[in-house]
file entry34.cif (mmCIF, C-alpha atoms and all ligand atoms)
data_model
loop_
_atom_site.label_atom_id
_atom_site.label_comp_id
_atom_site.auth_asym_id
_atom_site.auth_seq_id
_atom_site.Cartn_x
_atom_site.Cartn_y
_atom_site.Cartn_z
CA MET A 1 46.90 -17.50 76.30
CA ILE A 2 47.33 -14.78 73.66
CA SER A 3 48.43 -11.64 75.50
CA GLY A 4 46.16 -8.62 75.05
CA ILE A 5 47.11 -7.75 71.48
CA LEU A 6 43.69 -7.98 69.87
CA MET A 7 41.62 -6.83 72.84
CA ASN A 8 42.71 -3.39 74.05
CA GLU A 9 43.71 -3.09 77.69
CA LYS A 10 42.63 0.53 78.18
CA PRO A 11 39.34 2.10 77.14
CA VAL A 12 39.19 3.63 73.67
CA SER A 13 37.36 6.91 73.13
CA LYS A 14 33.99 7.04 71.39
CA ASP A 15 35.43 9.31 68.66
CA GLU A 16 38.18 6.87 67.88
CA ILE A 17 35.80 3.89 67.84
CA PHE A 18 33.38 5.62 65.51
CA LYS A 19 36.21 6.69 63.22
CA GLU A 20 37.11 3.01 62.90
CA LEU A 21 33.49 1.97 62.45
CA ASP A 22 33.09 4.59 59.71
CA GLU A 23 36.08 3.10 57.90
CA TYR A 24 34.55 -0.37 58.05
CA GLN A 25 31.16 0.91 56.99
CA ALA A 26 32.70 2.68 54.00
CA MET A 27 33.54 -0.80 52.63
CA ASP A 28 29.88 -1.86 52.71
CA CYS A 29 27.47 -1.41 49.83
CA CYS A 30 24.83 1.20 50.38
CA TYR A 31 21.19 0.75 49.35
CA SER A 32 20.69 4.42 48.49
CA ASP A 33 23.31 4.18 45.68
CA GLY A 34 20.71 2.15 43.80
CA ARG A 35 23.37 -0.39 42.78
CA ILE A 36 22.11 -3.33 44.89
CA LEU A 37 19.86 -5.12 42.43
CA GLY A 38 19.45 -8.56 44.00
CA SER A 39 18.41 -7.90 47.58
CA MET A 40 15.01 -8.40 49.18
CA CYS A 41 16.07 -6.12 51.98
CA THR A 42 16.24 -2.38 51.71
CA GLU A 43 17.01 0.70 53.74
CA ALA A 44 14.74 0.70 56.77
CA HIS A 45 12.48 3.67 57.37
CA PRO A 46 14.19 6.32 59.61
CA ILE A 47 11.34 6.18 62.14
CA ALA A 48 11.74 2.42 62.42
CA LYS A 49 15.46 2.84 63.10
CA GLU A 50 14.75 5.35 65.84
CA ALA A 51 12.25 3.01 67.50
CA PHE A 52 14.72 0.12 67.15
CA TYR A 53 17.41 2.05 69.02
CA LYS A 54 14.94 3.14 71.72
CA PHE A 55 14.00 -0.47 72.48
CA SER A 56 17.47 -1.99 72.11
CA ASP A 57 17.53 -3.20 75.73
CA SER A 58 14.14 -4.85 75.73
CA ASN A 59 14.01 -8.65 75.78
CA LEU A 60 10.88 -10.40 74.57
CA GLY A 61 12.34 -13.66 75.83
CA ASP A 62 11.23 -12.61 79.32
CA PRO A 63 8.03 -10.75 78.50
CA GLY A 64 6.92 -10.28 82.12
CA LEU A 65 9.78 -7.78 82.46
CA PHE A 66 8.88 -5.97 79.26
CA LYS A 67 5.10 -5.90 79.37
CA GLY A 68 4.84 -2.82 77.15
CA THR A 69 7.05 -4.35 74.48
CA LYS A 70 4.98 -7.55 74.60
CA LEU A 71 1.84 -5.48 73.98
CA ILE A 72 3.61 -3.89 71.00
CA GLU A 73 4.41 -7.34 69.57
CA ASP A 74 0.76 -8.39 69.96
CA GLU A 75 -0.37 -5.17 68.32
CA VAL A 76 1.99 -5.66 65.36
CA LEU A 77 0.70 -9.20 64.84
CA LYS A 78 -2.87 -7.89 64.84
CA MET A 79 -1.98 -5.16 62.35
CA ILE A 80 -0.36 -7.70 60.04
CA GLY A 81 -3.33 -10.02 60.59
CA SER A 82 -5.67 -7.23 59.46
CA PHE A 83 -4.32 -7.48 55.91
CA LEU A 84 -4.01 -11.27 55.98
CA SER A 85 -7.68 -11.91 56.81
CA ILE A 86 -7.30 -12.90 60.46
CA GLU A 87 -8.52 -10.97 63.50
CA ASN A 88 -6.58 -12.61 66.29
CA PRO A 89 -3.52 -14.39 64.96
CA ALA A 90 -1.20 -16.31 67.24
CA GLY A 91 2.48 -15.82 66.47
CA HIS A 92 5.65 -13.87 66.93
CA ILE A 93 7.90 -11.27 65.43
CA VAL A 94 11.07 -13.25 64.77
CA THR A 95 14.42 -12.76 63.06
CA GLY A 96 13.34 -13.41 59.49
CA GLY A 97 11.78 -15.79 57.02
CA THR A 98 14.09 -18.63 57.93
CA GLU A 99 13.09 -18.68 61.60
CA ALA A 100 9.42 -18.17 60.69
CA ASN A 101 9.45 -21.11 58.26
CA LEU A 102 11.29 -23.24 60.82
CA MET A 103 8.64 -22.47 63.45
CA ALA A 104 5.82 -23.34 61.05
CA MET A 105 7.41 -26.70 60.21
CA ARG A 106 8.08 -27.39 63.89
CA ALA A 107 4.47 -26.70 64.86
CA ALA A 108 3.17 -28.88 62.02
CA ARG A 109 5.55 -31.71 62.94
CA ASN A 110 4.63 -31.64 66.64
CA ILE A 111 0.90 -31.57 65.95
CA ALA A 112 1.10 -34.46 63.46
CA ARG A 113 3.18 -36.40 65.99
CA ASP A 114 0.69 -35.79 68.82
CA LYS A 115 -2.46 -36.27 66.72
CA TYR A 116 -1.49 -39.04 64.30
CA GLY A 117 1.67 -40.50 65.85
CA ILE A 118 3.73 -39.60 62.76
CA GLU A 119 7.41 -39.99 63.65
CA ASN A 120 9.10 -39.80 60.22
CA GLY A 121 7.38 -36.75 58.84
CA GLU A 122 7.63 -35.44 55.28
CA ILE A 123 7.08 -31.92 53.99
CA ILE A 124 5.99 -31.21 50.42
CA VAL A 125 7.72 -28.09 49.21
CA PRO A 126 7.68 -26.54 45.71
CA LYS A 127 10.94 -26.78 43.76
CA SER A 128 10.96 -22.98 43.84
CA ALA A 129 11.02 -22.83 47.65
CA HIS A 130 13.61 -20.90 49.63
CA PHE A 131 16.50 -22.92 51.05
CA SER A 132 15.25 -22.23 54.57
CA PHE A 133 13.05 -25.34 54.13
CA ASN A 134 16.20 -27.41 53.58
CA LYS A 135 17.47 -26.10 56.90
CA ALA A 136 14.12 -26.86 58.57
CA SER A 137 14.11 -30.37 57.15
CA ASP A 138 17.65 -30.94 58.44
CA MET A 139 17.04 -29.50 61.90
CA LEU A 140 13.64 -31.12 62.45
CA ASN A 141 14.55 -34.43 60.88
CA LEU A 142 11.82 -34.16 58.24
CA LYS A 143 12.09 -35.58 54.74
CA LEU A 144 11.82 -32.81 52.14
CA VAL A 145 9.85 -33.82 49.05
CA ASN A 146 9.95 -31.45 46.07
CA ALA A 147 6.80 -30.74 44.07
CA ASP A 148 7.09 -29.94 40.35
CA LEU A 149 6.38 -26.57 38.84
CA ASN A 150 4.02 -25.49 36.07
CA GLU A 151 5.34 -23.68 33.00
CA ASP A 152 4.84 -20.34 34.73
CA TYR A 153 7.02 -21.50 37.67
CA THR A 154 4.12 -21.80 40.11
CA VAL A 155 3.73 -25.11 41.90
CA ASP A 156 1.77 -27.83 40.11
CA SER A 157 -0.94 -28.75 42.60
CA ARG A 158 -1.44 -32.17 40.96
CA SER A 159 2.18 -32.95 41.74
CA VAL A 160 1.56 -31.91 45.36
CA SER A 161 -1.51 -34.16 45.50
CA ASP A 162 0.43 -37.09 44.06
CA LEU A 163 3.22 -36.72 46.61
CA ILE A 164 0.99 -36.92 49.69
CA SER A 165 1.75 -39.96 51.81
CA ASP A 166 0.76 -41.21 55.27
CA ASN A 167 3.81 -39.36 56.59
CA THR A 168 3.08 -35.93 55.10
CA ILE A 169 2.95 -33.41 57.93
CA ALA A 170 2.93 -30.17 55.91
CA ILE A 171 2.44 -28.69 52.48
CA VAL A 172 4.12 -25.40 51.62
CA GLY A 173 2.90 -22.83 49.11
CA ILE A 174 4.72 -19.61 48.26
CA ALA A 175 3.30 -16.13 47.76
CA GLY A 176 6.24 -14.39 46.10
CA THR A 177 8.95 -16.91 45.24
CA THR A 178 12.53 -15.95 46.05
CA GLU A 179 13.86 -16.20 42.52
CA LEU A 180 10.98 -14.98 40.36
CA GLY A 181 8.28 -13.54 42.62
CA MET A 182 5.62 -16.03 41.47
CA ILE A 183 2.49 -16.79 43.49
CA ASP A 184 1.46 -20.43 43.91
CA PRO A 185 -2.20 -21.48 43.55
CA ILE A 186 -2.77 -21.40 47.31
CA ASP A 187 -6.53 -21.94 46.86
CA GLU A 188 -5.85 -25.34 45.26
CA LEU A 189 -3.32 -26.23 47.95
CA SER A 190 -5.88 -25.22 50.56
CA ASP A 191 -8.42 -27.71 49.17
CA ILE A 192 -5.79 -30.46 49.14
CA ALA A 193 -4.75 -29.65 52.71
CA LEU A 194 -8.35 -29.68 53.96
CA GLU A 195 -9.17 -32.95 52.23
CA ASN A 196 -6.17 -34.63 53.84
CA ASP A 197 -6.10 -32.75 57.17
CA ILE A 198 -2.54 -31.59 56.57
CA HIS A 199 -0.95 -28.33 57.71
CA LEU A 200 -0.74 -25.78 54.86
CA HIS A 201 1.96 -23.18 55.41
CA VAL A 202 2.24 -20.16 53.13
CA ASP A 203 5.64 -18.58 52.74
CA ALA A 204 4.75 -14.95 52.04
CA ALA A 205 8.07 -13.66 53.41
CA PHE A 206 8.41 -11.52 50.30
CA GLY A 207 4.84 -11.06 49.01
CA GLY A 208 3.04 -10.68 52.34
CA PHE A 209 3.69 -6.97 52.66
CA SER A 210 2.82 -6.19 49.03
CA ILE A 211 0.14 -8.49 47.55
CA PRO A 212 -2.64 -7.35 49.94
CA PHE A 213 -1.86 -3.70 49.24
CA LEU A 214 -1.64 -4.21 45.49
CA LYS A 215 -5.06 -5.88 45.69
CA GLU A 216 -6.36 -2.76 47.42
CA GLU A 217 -4.94 -0.78 44.47
CA GLY A 218 -7.09 -2.88 42.15
CA TYR A 219 -4.50 -5.38 40.88
CA ASP A 220 -5.76 -8.86 40.27
CA PHE A 221 -3.99 -11.34 42.56
CA PRO A 222 -5.16 -14.73 43.80
CA ASP A 223 -6.12 -15.26 47.45
CA PHE A 224 -3.24 -16.59 49.51
CA ASP A 225 -4.03 -15.81 53.14
CA PHE A 226 -6.20 -16.97 56.06
CA SER A 227 -9.35 -16.28 54.00
CA LEU A 228 -8.57 -19.75 52.59
CA LYS A 229 -9.73 -22.30 55.16
CA GLY A 230 -6.80 -24.68 54.71
CA VAL A 231 -4.11 -22.09 55.52
CA ARG A 232 -2.78 -22.69 59.05
CA SER A 233 0.31 -20.49 59.10
CA ILE A 234 1.91 -17.65 57.14
CA THR A 235 5.45 -16.26 57.07
CA VAL A 236 5.52 -12.52 56.36
CA ASP A 237 8.69 -10.48 56.74
CA PRO A 238 8.72 -6.86 57.91
CA HIS A 239 12.41 -6.63 56.93
CA LYS A 240 11.62 -7.17 53.27
CA MET A 241 8.72 -5.14 51.80
CA GLY A 242 7.72 -3.95 55.31
CA LEU A 243 10.62 -1.44 55.52
CA ALA A 244 11.58 -2.53 59.04
CA PRO A 245 15.23 -2.90 60.09
CA ILE A 246 16.90 -6.33 59.94
CA PRO A 247 16.17 -8.73 61.68
CA ALA A 248 12.37 -8.70 61.40
CA GLY A 249 10.38 -11.73 60.35
CA GLY A 250 6.82 -12.63 61.14
CA ILE A 251 5.12 -15.95 61.80
CA LEU A 252 1.34 -15.97 62.10
CA PHE A 253 -0.70 -19.03 63.07
CA LYS A 254 -4.43 -19.46 62.74
CA ASP A 255 -4.75 -20.58 66.35
CA GLU A 256 -2.89 -20.65 69.67
CA ILE A 257 -2.70 -24.47 69.50
CA TYR A 258 0.20 -24.25 67.03
CA LEU A 259 2.27 -22.24 69.47
CA LYS A 260 1.30 -24.52 72.36
CA ALA A 261 2.49 -27.52 70.36
CA MET A 262 6.01 -26.07 70.54
CA ASN A 263 6.02 -25.03 74.20
CA VAL A 264 8.90 -26.01 76.43
CA ASP A 265 9.02 -25.22 80.15
CA SER A 266 10.93 -22.09 81.13
CA PRO A 267 10.45 -22.36 84.91
CA TYR A 268 12.55 -19.42 86.12
CA LEU A 269 11.29 -16.86 83.58
CA THR A 270 8.34 -14.51 84.06
CA VAL A 271 6.41 -16.66 81.59
CA LYS A 272 6.55 -20.37 82.39
CA GLN A 273 6.49 -21.76 78.86
CA GLN A 274 8.17 -20.65 75.65
CA SER A 275 7.36 -21.60 72.07
CA THR A 276 9.94 -19.56 70.16
CA ILE A 277 13.22 -21.01 68.89
CA VAL A 278 15.23 -18.06 70.13
CA GLY A 279 15.29 -17.50 73.91
CA THR A 280 16.47 -13.98 74.56
CA ARG A 281 14.96 -12.10 71.65
CA LEU A 282 14.69 -8.60 70.31
CA GLY A 283 11.96 -6.26 71.47
CA ALA A 284 13.55 -3.63 69.21
CA THR A 285 12.30 -5.38 66.10
CA ALA A 286 8.68 -5.37 67.28
CA ALA A 287 8.91 -1.68 68.24
CA ALA A 288 10.52 -0.75 64.93
CA THR A 289 7.92 -2.66 62.93
CA TYR A 290 5.14 -1.04 64.96
CA ALA A 291 6.58 2.42 64.30
CA VAL A 292 6.96 2.04 60.55
CA MET A 293 3.57 0.35 60.11
CA LYS A 294 1.77 3.09 62.03
CA HIS A 295 3.71 5.82 60.26
CA LEU A 296 3.09 4.56 56.72
CA GLY A 297 -0.38 3.17 57.23
CA ARG A 298 -2.11 1.16 54.52
CA GLU A 299 -1.78 4.13 52.19
CA GLY A 300 2.02 4.19 52.55
CA TYR A 301 2.34 0.46 51.85
CA ARG A 302 0.00 0.73 48.85
CA ASN A 303 2.22 3.49 47.43
CA ASN A 304 5.45 1.57 48.07
CA ALA A 305 4.16 -1.65 46.56
CA LYS A 306 2.78 0.16 43.52
CA GLU A 307 5.98 2.14 42.93
CA ALA A 308 8.02 -1.09 43.08
CA LEU A 309 5.67 -2.91 40.71
CA ASP A 310 5.52 0.02 38.27
CA ASN A 311 9.32 -0.02 38.20
CA ALA A 312 9.28 -3.76 37.50
CA PHE A 313 6.94 -3.32 34.52
CA PHE A 314 8.93 -0.33 33.27
CA LEU A 315 12.16 -2.35 33.42
CA ALA A 316 10.53 -5.39 31.79
CA ARG A 317 9.22 -3.40 28.80
CA GLU A 318 12.50 -1.49 28.30
CA LEU A 319 14.52 -4.73 28.48
CA GLU A 320 12.34 -6.21 25.74
CA ASN A 321 12.86 -3.08 23.65
CA LEU A 322 16.62 -3.64 23.94
CA GLY A 323 16.30 -7.26 22.77
CA TYR A 324 16.63 -8.96 26.15
CA GLU A 325 14.32 -11.89 26.93
CA LEU A 326 12.22 -12.13 30.07
CA VAL A 327 12.10 -15.55 31.71
CA VAL A 328 8.49 -14.91 32.68
CA GLU A 329 6.19 -11.88 32.80
CA PRO A 330 6.70 -10.34 36.27
CA LYS A 331 3.93 -10.83 38.81
CA LEU A 332 5.55 -8.98 41.70
CA ASN A 333 8.55 -6.68 41.77
CA ILE A 334 11.14 -9.16 40.46
CA VAL A 335 12.33 -9.15 36.85
CA ALA A 336 14.39 -12.08 35.54
CA PHE A 337 15.96 -11.91 32.10
CA ASN A 338 18.68 -13.08 29.73
CA HIS A 339 20.34 -11.87 26.56
CA PRO A 340 19.81 -14.20 23.60
CA GLN A 341 23.53 -14.26 22.74
CA ILE A 342 25.24 -13.85 26.14
CA LYS A 343 25.46 -16.51 28.84
CA THR A 344 23.88 -15.51 32.16
CA GLU A 345 27.19 -15.68 34.08
CA GLU A 346 28.93 -13.58 31.45
CA LEU A 347 26.19 -10.97 31.50
CA ALA A 348 26.39 -10.93 35.29
CA SER A 349 30.13 -10.27 35.21
CA LEU A 350 29.76 -7.56 32.54
CA LEU A 351 27.27 -5.83 34.84
CA GLU A 352 29.53 -6.35 37.87
CA GLU A 353 32.34 -4.67 35.89
CA LYS A 354 30.05 -1.68 35.57
CA ASP A 355 29.60 -1.76 39.35
CA TRP A 356 26.07 -3.24 39.48
CA LYS A 357 25.55 -5.72 42.32
CA VAL A 358 23.58 -8.40 40.54
CA SER A 359 22.18 -11.72 41.58
CA CYS A 360 21.36 -14.70 39.36
CA SER A 361 18.48 -17.08 39.65
CA HIS A 362 19.38 -20.67 38.88
CA CYS A 363 16.00 -22.22 38.13
CA PRO A 364 15.90 -21.03 35.40
CA LYS A 365 19.26 -19.33 34.95
CA ALA A 366 18.76 -15.59 34.59
CA ILE A 367 19.77 -12.19 35.90
CA ARG A 368 17.33 -11.38 38.66
CA ILE A 369 16.50 -7.84 39.66
CA ILE A 370 14.44 -7.17 42.75
CA LEU A 371 12.83 -3.76 42.51
CA MET A 372 12.98 -2.72 46.13
CA ASN A 373 12.19 0.86 47.01
CA HIS A 374 15.86 1.90 47.07
CA ILE A 375 15.92 1.41 43.29
CA LYS A 376 14.54 4.55 41.69
CA ARG A 377 13.57 5.22 38.09
CA HIS A 378 16.81 7.17 37.43
CA HIS A 379 18.87 4.15 38.58
CA LEU A 380 16.97 1.98 36.12
CA ILE A 381 17.64 4.43 33.30
CA GLU A 382 21.39 4.23 34.09
CA LEU A 383 21.18 0.44 34.21
CA LEU A 384 19.35 0.29 30.87
CA LYS A 385 22.03 2.53 29.31
CA ASP A 386 24.69 0.01 30.40
CA LEU A 387 22.59 -2.93 29.20
CA LYS A 388 22.15 -1.23 25.82
CA GLU A 389 25.92 -0.81 25.56
CA ILE A 390 26.46 -4.46 26.45
CA SER A 391 23.88 -5.59 23.93
CA GLU A 392 25.39 -3.44 21.16
CA SER A 393 28.86 -4.85 21.83
CA VAL A 394 27.96 -8.43 20.79
N1 LIG B 401 11.17 -17.20 52.20
C1 LIG B 401 11.34 -16.53 51.05
C2 LIG B 401 10.28 -16.62 50.00
C3 LIG B 401 12.50 -15.77 50.86
O1 LIG B 401 12.68 -15.14 49.70
C4 LIG B 401 13.47 -15.70 51.89
C5 LIG B 401 14.74 -14.90 51.75
C6 LIG B 401 13.23 -16.44 53.06
C7 LIG B 401 12.08 -17.16 53.19
C8 LIG B 401 14.22 -16.42 54.20
O2 LIG B 401 14.22 -15.18 54.80
P1 LIG B 401 15.41 -14.64 55.71
O3 LIG B 401 16.61 -14.49 54.80
O4 LIG B 401 14.86 -13.37 56.23
O5 LIG B 401 15.64 -15.64 56.76
N2 LIG B 401 14.98 -14.31 50.55
C9 LIG B 401 16.17 -13.59 50.18
C10 LIG B 401 17.08 -14.50 49.39
O6 LIG B 401 17.54 -15.54 49.91
C11 LIG B 401 16.91 -13.01 51.34
C12 LIG B 401 17.97 -12.03 50.93
C13 LIG B 401 17.85 -10.71 51.31
C14 LIG B 401 19.09 -12.40 50.23
C15 LIG B 401 18.82 -9.80 50.98
C16 LIG B 401 20.08 -11.48 49.88
C17 LIG B 401 19.94 -10.18 50.27
O7 LIG B 401 20.92 -9.25 49.93
O8 LIG B 401 17.32 -14.19 48.25
#
call {"tool": "encode", "arguments": {"input": "entry34.cif", "output": "structure tokens"}}
result
Amino acid sequence: MISGILMNEKPVSKDEIFKELDEYQAMDCCYSDGRILGSMCTEAHPIAKEAFYKFSDSNLGDPGLFKGTKLIEDEVLKMIGSFLSIENPAGHIVTGGTEANLMAMRAARNIARDKYGIENGEIIVPKSAHFSFNKASDMLNLKLVNADLNEDYTVDSRSVSDLISDNTIAIVGIAGTTELGMIDPIDELSDIALENDIHLHVDAAFGGFSIPFLKEEGYDFPDFDFSLKGVRSITVDPHKMGLAPIPAGGILFKDEIYLKAMNVDSPYLTVKQQSTIVGTRLGATAAATYAVMKHLGREGYRNNAKEALDNAFFLARELENLGYELVVEPKLNIVAFNHPQIKTEELASLLEEKDWKVSCSHCPKAIRIILMNHIKRHHLIELLKDLKEISESV
């Protein structure tokens, strides 16, 4: 046994602990510096953080003990449903897009197994999909089949159609791809799913909290939600464009049957069956999401989404003026670009040298900037000054 060197024997004072924590925190990046350019998360709204702390002891894994928190979760799902064209969604507030996508694939697998006896299921996923589907395929023992993309990096629905086999248990479409923010033709996927009686899951982890509000602002976006008959589940993450604290994901199903298909017995809990992956799970997340959604209202989300998109278009136009090349015209608040004479990795390290925290897309290779609300116009002007300097130096 290691004698108590690492773990202190005697209590340590709060002041001392927080002094240490402050030192650790000082090493972290800070959203408000405007230097984090490649994150889909952002600083949570202060009201959400307050609600999170207030509910830190509440456990939605045993909802009979936390009846109020359970009502909050139901309310949040209904609020999210109200902008995704569904009145009474079934679902949960989970830890993020990964868990939400995993639950959707699990429900689809179990239903296909019970209804059609499919044992070796396959999922058709666009090449642009988030790696959480690779995890789902590994954990659920599903074969992942990649569908090709069109020139504009949306999924080619003919490729999806061609890949359908007797073992296909789900098709995935994306509303706001991770790398470029593109929106797949979900209406076409919906038709294909209906024709073949296959589960269509929409990963709107990123776009779910912005596309509906941008539509309300008059922007022209395709339908992607439960208004399309083939859509059976949607991932939508409060901890991305929803301004909720991490970890907050959302999984919404069209019907209770999808949750029931995942139920396992939980005999000694206050609720006798459980469909979530996580057992003991945060009530704090549901409360925080409730607080920020109520506080901002539709108006607040419209303003946030519009500000982020305006910044994306501003950045795109200024980059072109400086001679940089966009990979694709932005649809949502992600801008991906290259310099005609500088390799992507080199440009990334030149920006890192100037203390910008950048992220690169790899299909296609480009610098990828996600205009979250912590990035303000004045940060972009500083960034463009540095990019101008870099461009002039070659
Ligand atoms: N679906 C889509 C479309 C996503 O973009 C992401 C994550 C997920 C699912 C998975 O969500 P969770 O990470 O919540 O489980 N997209 C970001 C990405 O991988 C997540 C991220 C956020 C990465 C902040 C870095 C970062 O600093 O790029």
call {"tool": "residues_near_ligand", "arguments": {"input": "entry34.cif", "ligand": "ligand LIG 401 (chain B)", "cutoff": "6 Å", "atoms": "only C-alpha atoms and all ligand atoms", "output": "list in words"}}
result
Ser39, Met40, Cys41, Gly96, Gly97, Thr98, His130, Ser132, Thr177, Thr178, Asp203, Ala205 and Phe206 of chain A
call {"tool": "closest_residue", "arguments": {"input": "entry34.cif", "among": "A:Asp197, A:Leu163, A:Pro185, A:Ser128", "to": "Ala112 in chain A", "atoms": "only C-alpha atoms"}}
result
A:Asp197
call {"tool": "closest_atom_pairs", "arguments": {"input": "entry34.cif", "of": "range 217-291 of chain A", "to": "range 368-381 of chain A", "cutoff": "9 Å", "atoms": "all atoms listed in the file", "output": "tab-separated table"}}
result
residue	atom	partner	partner_atom	distance
A:Lys240	CA	A:Met372	CA	8.5
A:Met241	CA	A:Met372	CA	7.5
A:Leu243	CA	A:Asn373	CA	9.0
call {"tool": "residues_near_point", "arguments": {"input": "entry34.cif", "point": "(10.0, -18.8, 35.9)", "cutoff": "9 Å", "atoms": "all atoms listed in the file", "output": "list in words"}}
result
Asn150, Glu151, Asp152, Tyr153, Thr154, Glu179, Leu180, Gly181, Met182, Val327, Val328, Glu329, Ala336, Cys363 and Pro364 of chain A
call {"tool": "write_last_selection", "arguments": {"input": "entry34.cif", "atoms": "C-alpha atoms", "output": "short mmCIF file (atom, residue, chain, number, x, y, z; two decimals), in the frame of the given file"}}
result
data_model
loop_
_atom_site.label_atom_id
_atom_site.label_comp_id
_atom_site.auth_asym_id
_atom_site.auth_seq_id
_atom_site.Cartn_x
_atom_site.Cartn_y
_atom_site.Cartn_z
CA ASN A 150 4.02 -25.49 36.07
CA GLU A 151 5.34 -23.68 33.00
CA ASP A 152 4.84 -20.34 34.73
CA TYR A 153 7.02 -21.50 37.67
CA THR A 154 4.12 -21.80 40.11
CA GLU A 179 13.86 -16.20 42.52
CA LEU A 180 10.98 -14.98 40.36
CA GLY A 181 8.28 -13.54 42.62
CA MET A 182 5.62 -16.03 41.47
CA VAL A 327 12.10 -15.55 31.71
CA VAL A 328 8.49 -14.91 32.68
CA GLU A 329 6.19 -11.88 32.80
CA ALA A 336 14.39 -12.08 35.54
CA CYS A 363 16.00 -22.22 38.13
CA PRO A 364 15.90 -21.03 35.40
#
call {"tool": "residues_around", "arguments": {"input": "entry34.cif", "residues": "Ala51 in chain A", "least_positions_apart": "2", "cutoff": "8 Å", "atoms": "only C-alpha atoms", "output": "list of chain:residue names"}}
result
A:Ile47, A:Ala48, A:Lys49, A:Tyr53, A:Lys54, A:Phe55, A:Ala284, A:Ala287, A:Ala288, A:Ala291
call {"tool": "residues_around", "arguments": {"input": "entry34.cif", "residues": "Leu200 in chain A", "least_positions_apart": "6", "cutoff": "8 Å", "atoms": "only C-alpha atoms", "output": "VMD selection string"}}
result
chain A and resid 170 to 173 189 to 190 193 230 to 233
call {"tool": "atom_distance", "arguments": {"input": "entry34.cif", "atom1": "CA of Ile124 in chain A", "atom2": "CA of Lys143 in chain A"}}
result
8.7 Å
call {"tool": "closest_residue", "arguments": {"input": "entry34.cif", "among": "A:Ala129, A:Asp22, A:Ile183, A:Phe226", "to": "Asn88 in chain A", "atoms": "all atoms listed in the file"}}
result
A:Phe226
call {"tool": "closest_residue", "arguments": {"input": "entry34.cif", "among": "A:Ile169, A:Ile186, A:Glu325, A:Thr42", "to": "Lys115 in chain A", "atoms": "only C-alpha atoms"}}
result
A:Ile169
call {"tool": "closest_residue", "arguments": {"input": "entry34.cif", "among": "A:Ile198, A:Ile86, A:Met262, A:Leu383", "to": "Glu122 in chain A", "atoms": "only C-alpha atoms"}}
result
A:Ile198
